Structures are given as C-alpha cells and as structure tokens.
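Single-structure report; data block below.
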Amino acid sequence: MLKGAIEYAPSTFEERGAAVAFTTPLLSQTRVRRGERSKLEVLIPSLSEGMGTYVVAWKSVPEMVSMTMHDRYLHDLIVKEEACSPQEIRRATLKAARRGLAGPQAAQAARRALEEDEEQGTLTHYLLLLAILKAVGLESPEMLKAGIGTEEGQRLTRQLMARAADSLKLEANLLYARLAEIAAAVAPVGLAQSPKPGRLLRGMQELKAFRQSMTNWSNEAPSDAAPVAAFCADVAQHTIGIGEKLLTDFQRRVDAIGPLMRAWETEFVVIRSHAQRMAWLLDGWSHVTAAWDVAQTEDRHQQAATINDLFRIIPLLPKKESRQDMLGAAKRIKSVHRRSVRMLEDWRTGEMDVDSIRRIELVKARAP
C-alpha cells in the first residue's frame, strides 16, 4: 500500500504526475501518475514530519486517508476513466465539483468552466475558419454580415470552404476534419487574435501576477516566510520563461495556417504537442494562484501560513524541462526555515480538518 518515502526528483512531466484537486487537506494537490504495469499511483509530499514523498497505490488511498465525499467520488471517477493527464484530471474534477459535493460555489464555478470551455471551442473553430479563408484569399464580407449561425451564413461558408479546399488541394471533408482537430488542440491555449484568451493563456497571466505579488511580499513583509515567498516567485518566473518561449512557437505555427494545412503530418503533431506541454507546464498552478488570491483579503500572519502551505505543493519543473536544480533549492529552503515551512498534521489520526477543507473549497470556487 505505502511504498515509503523517496527523494522526489522527476525527470519528465509524466513522472511528476498530474495534480488532483482533492478537498481532503492531506491529499490536496497530490499528484497521480502511472507506475509499474501502468497502474495509477499517488504521490503525497511531507507526510507528518517526513522530508520525502510517499508513493501510494491509487486504489489504496481511501483505506489510508479519511476522505471527503467529494474526494471519494473523484477518486472513483479517476479510476473508472483511467485519467492521468492534466486535461483528463481536470474533466474528472469538474464532473465531481458540478455535483455540489465541494459546496455550491464550487459547483457553480465548475458549470461555468464547462460552459466557457464550450464557448471557447466554438470561438476558436470560427476564428480558425476565417484564418483559412484569409490564407487562400477568400475573405467574405457577405458571410460575416450574414453571420455563420444563420442559414445564409452557413451556405456561404460551405461554398467558400469548398473553394479553400480546392486551393489547398484537399477534399472538403478532410479540410473540415482538420479544422476540427486544430480547434480542439488549440482551444485550451487560445489564439493570439482571439477577443478572449484561452484558459492556459489566462493561467500564464495569473502566474505572472502571482510572481510579482510573491516578489513584493518577500521584499515588504518582515517575516520568516519571506525567503519562502521569494523561492515561490523564482519557481513561477522560471515556469513563465519556459512558457513564453513555448507560446511564441505555438502561436507562430498556428498563425501560419496555410503552410500548416499543407504540411499537416509534421506541423499538427508539433502544435498538439506544444498544447499538451503547456497544460503540463501550468498543471497545479491554478490552485496556487487562487489560494494566494484568497489570502489577499487576510492578515500577514495568515498570508505567511498560506505561503508555507503553497511551498509544499509548488509545481517544481522536472529535470528534463529545466537546467535549474529546483529540488536542491527547495531542500535548502526547508532546511533553513523548517519552523516556518509547516508540516502536515499527523495523518494517522484520520481526523478531518474542517477549517482547511472549507478553505480548499473556497479555492476550488476560484480555480475550477
């Protein structure tokens, strides 16, 4: 059931695992990955006074930890769907929250997130369609005036897309299929020309704000947690640097939609890979930034406590993604500021920390 503590320095995103938005404090933002024989396992950092990470068979988690109803349902969903990527875990999380098991605010946030996903997909599909027509010189004021949702607009769209397919030397059905595939891959990130940024682009913006806020707090607050906040800001900055380079290449390739359609076999693979890597890169950060937003309304003492809690779950980059030794830096911070960086309460008691659960549910209402 419990494999014991390990020094956790993953080489890849898959080895690091995807963060799960459990509401049980011990399990909050623990990570699930595929272990031996592709079986799911969960990684739990800093059990009690331990310094390492514990690896637990996924099926054994309910036996080991007293879980909330929400978490038991989410646990079962992940097992049933064999979810392991950030996208799959997020879908399972939204399904669980939508049922109201994490409170009415989290349920409302989950429904809103699902609606926004659908709207973003539709918008991305429409903007990419316009981009294809523009790339082959078939922009149509008449189609835009009629509106793509009208019968006349759809008729004009079909005519123009048939001509676009001829220009690209593709079958019309194949062009539509490829358009749908691109839209599905691109929508979570978002298009540069979109009036509304995608979820992952918003995540980058929130991470930049978090980085700046952490830097300011570490400089202004005379607290033992100040070096911890500076470390969190440094991890955020390093993640932002990698993300910005990734986004630049991603957007360049998507913008060149004509060449993309002509070199589909190679270009689309790269675009889809970039979108997936962006999801892995930002995995776990939405909880961190939302928890800090909640703490902004509280006093310095509680903010320091929040920073120390976030230190335990801060998404360190895997070794193959970064040349910086983040695990080594984290160890030094923990060693020097052990009093400040609080450990979890003894997990063996099985007692529920109701106040902590309420705070996590409040965060879930902000970061579905």
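So you can find residues: chains in the structure tokens are A, B, ... in the order shown, residues in each start at 1, and ligands are numbered from 1 in order.
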query: Which residues, written as a PyMOL selection string, have at least one atom at most 12 Å from Leu130 in chain A, with only C-alpha atoms counted and residues fewer than 6 positions away on the same chain left out?
result: chain A and resi 123-124+136-141+143-144+148+157+160-161+164+179+193-194+255+257-258
Any chance you could export the current selection's C-alpha atoms as a short mmCIF file (atom, residue, chain, number, x, y, z; two decimals), in the first residue's frame?
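So part31.cif came out as:
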data_model
loop_
_atom_site.label_atom_id
_atom_site.label_comp_id
_atom_site.auth_asym_id
_atom_site.auth_seq_id
_atom_site.Cartn_x
_atom_site.Cartn_y
_atom_site.Cartn_z
CA LEU A 123 -14.97 30.70 -30.94
CA THR A 124 -11.64 29.05 -31.77
CA VAL A 136 -6.24 31.45 -49.53
CA GLY A 137 -7.62 34.91 -50.35
CA LEU A 138 -11.30 34.13 -49.81
CA GLU A 139 -12.36 36.62 -47.14
CA SER A 140 -16.10 37.27 -47.44
CA PRO A 141 -17.81 40.38 -46.03
CA MET A 143 -20.55 35.75 -44.90
CA LEU A 144 -19.55 37.88 -41.92
CA ILE A 148 -22.15 31.98 -39.53
CA THR A 157 -19.35 29.24 -45.56
CA LEU A 160 -16.05 29.27 -49.52
CA MET A 161 -14.62 26.27 -47.67
CA ALA A 164 -10.50 26.83 -49.99
CA LEU A 179 -10.10 22.28 -38.84
CA GLN A 193 -6.15 37.15 -32.20
CA SER A 194 -9.00 35.92 -30.01
CA ASP A 255 -0.87 31.62 -37.43
CA ILE A 257 -2.43 28.04 -41.12
CA GLY A 258 -1.91 27.69 -44.88
#
query: Can you list every residue in range 158-244 of chain A that DSSP puts in helix (DSSP H, G or I), as a count of residues only?
result: 66
- prompt: In Å to one decimal, how far is CA of Ser85 in chain A from CA of Gln212 in chain A?
  reply: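 Pair CA of Gln212 in chain A / CA of Ser85 in chain A returns 28.7 Å.
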- prompt: If we count only C-alpha atoms, what is near Thr23 in chain A at a cut-off of 12 Å, once residues fewer than 2 positions away on the same chain are taken out, given as a PyMOL selection string?
  reply: chain A and resi 20-21+25-30+66-75+93+96-97+101-103+106+287+352-365
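Checking A:Phe268, A:Trp58, A:Trp280, A:Phe210 one by one against Glu15 in chain A, counting only C-alpha atoms, you find the shortest gap at A:Trp280.
Proximity of A:Thr24, A:Ala92, A:Arg158, A:Leu129 to Val65 in chain A, computed with only C-alpha atoms, is greatest for A:Thr24.
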statement: Using only C-alpha atoms, the residue out of A:Thr266, A:Ile271, A:Leu201, A:Phe231 with shortest distance to Thr215 in chain A is A:Phe231
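Each of A:Val228, A:Asp293, A:Ser38, A:Leu94 was checked against Phe22 in chain A using only C-alpha atoms; the smallest atom-to-atom distance is that of A:Leu94.
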- prompt: Can you list every residue in range 53-87 of chain A that DSSP puts in strand (DSSP E), as number ranges by chain?
  reply: A: 53-57
